[in-house]
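S.K.: First the structure, then my questions, so here it is.
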Amino acid sequence: MGYLMSLLAVPCSAAEHRQPPSEPVKDTREKQVQLWKELILEYCKTHKIFVIDLKHDFPLFSNPAIERSLSHEARVAFLSALVAEGRAEWMDKGQRKCLVLWHRIQDWADIILRFAKDNGFEDSVMTMEELRTGVESRGTELHGMDRTVLMRALKLLENKGKLALFKGASTDDEGVKFSI
């Protein structure tokens with residue numbers, strides 16, 4: 001018994017008793033966050049959803065059939081991960097509304113330019129509403145586009161000299177002249 005006690009009394013470094021870091025848990029969590037980010041972006045793209053309001057039910061975050069839903073903290077965490085990647089932006093300081101950018105603003109700008117070229121609008125004037133809801137945009141990603149995202153993409157193109165924006169008497173009269 002004295003021999004066992006002497007073994008216990010031998011000082012050991014703290015490193016010998018330390019557990020290895022829980023890398024599998026961290027890896028699992030990172031994979032979970034990545035999958036949720038991809039799922040949110042794909043869901044929003046498929047359903048043309050640009051804003052997620054955490055004050056309201058969002059179908060992706062709950063499953064009534066099994067009576068399960070993500071906690072508010074998990075919803076914020078997954079959306080914040082998208083924000084950190086530049087794929088979303090909080091619209092308020094309280095993190096209740098999130099603008100989801102399933103295409104980055106530069107990508108939207110490229111889509112708009114391609115749309116203008118493909119439809120022969122190189123030197124044409126269109127209203128913002130024609131771009132978002134007009135006959136020409138039907139069947140394209142532009143149809144039903146969020147106005148905030150559209151304006152940011154158009155301003156980016158204006159800064160690059162690809163178009164000019166015109167103010168109207170109302171938001172329905174605001175226009176764009178492409179100069180591609």
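Ordering of the structure tokens sets the chain letters (A, B, ...); residue numbers start at 1 within each chain; ligands are numbered from 1 in the order shown.
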Would you please give, as a PyMOL selection string, all residues of region 50-175 of chain A that DSSP assigns to alpha helix (DSSP H) based on the backbone?
M.R.: chain A and resi 72-84+105-118+128-133+147-159
S.K.: Excluding Ala164 (chain A) and its own-chain neighbours fewer than 3 positions away, which residues fall within 7 Å of it when counting only C-alpha atoms? Please give them as a short mmCIF file (atom, residue, chain, number, x, y, z; two decimals) with N, CA and C atoms, in the first residue's frame.
M.R.:
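File produced: around_15.cif:
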```cif
data_model
loop_
_atom_site.label_atom_id
_atom_site.label_comp_id
_atom_site.auth_asym_id
_atom_site.auth_seq_id
_atom_site.Cartn_x
_atom_site.Cartn_y
_atom_site.Cartn_z
N GLU A 158 -23.90 51.84 -61.10
CA GLU A 158 -23.82 53.27 -61.40
C GLU A 158 -22.41 53.78 -61.08
N VAL A 176 -33.80 53.52 -64.58
CA VAL A 176 -32.41 53.19 -64.81
C VAL A 176 -32.18 53.21 -66.32
N LYS A 177 -31.06 53.83 -66.71
CA LYS A 177 -30.66 53.82 -68.11
C LYS A 177 -29.34 53.09 -68.18
N PHE A 178 -29.36 51.97 -68.91
CA PHE A 178 -28.16 51.17 -69.05
C PHE A 178 -27.25 51.81 -70.10
#
```
S.K.: List as a list in words the protein and nucleic acid residues near Gly94 (chain A), meaning an atom at most 12 Å away when only C-alpha atoms are counted, but skip any in the same chain fewer than 3 places from it.
M.R.: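 Once the nearby chain positions are removed, what remains is Asp53, Leu54, Lys55, Val76, Trp90, Met91, Lys97 and Cys98 of chain A.
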S.K.: Could those selected residues go to a file with C-alpha atoms, as an mmCIF file, in the first residue's frame?
M.R.:
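Contents of again07.cif, freshly written:
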```cif
data_model
loop_
_atom_site.group_PDB
_atom_site.id
_atom_site.type_symbol
_atom_site.label_atom_id
_atom_site.label_comp_id
_atom_site.auth_asym_id
_atom_site.auth_seq_id
_atom_site.Cartn_x
_atom_site.Cartn_y
_atom_site.Cartn_z
ATOM 1 C CA ASP A 53 -37.953 38.263 -39.491
ATOM 2 C CA LEU A 54 -37.215 36.385 -36.294
ATOM 3 C CA LYS A 55 -40.361 37.799 -34.674
ATOM 4 C CA VAL A 76 -29.458 34.136 -34.424
ATOM 5 C CA TRP A 90 -28.764 42.452 -39.836
ATOM 6 C CA MET A 91 -31.327 45.113 -40.651
ATOM 7 C CA LYS A 97 -34.601 41.108 -39.105
ATOM 8 C CA CYS A 98 -31.956 39.755 -41.430
#
```
S.K.: Just list as a ChimeraX atom specification whatever in chain A DSSP marks as strand (DSSP E).
M.R.: /A:51-53,62-63,68-69,88-90,97-100,125-127,163-166,175-178
S.K.: Restricting the calculation to only C-alpha atoms, which member of A:Lys117, A:Arg96, A:Arg152, A:Arg138 is positioned closest to Val51 (chain A)?
M.R.: A:Arg96
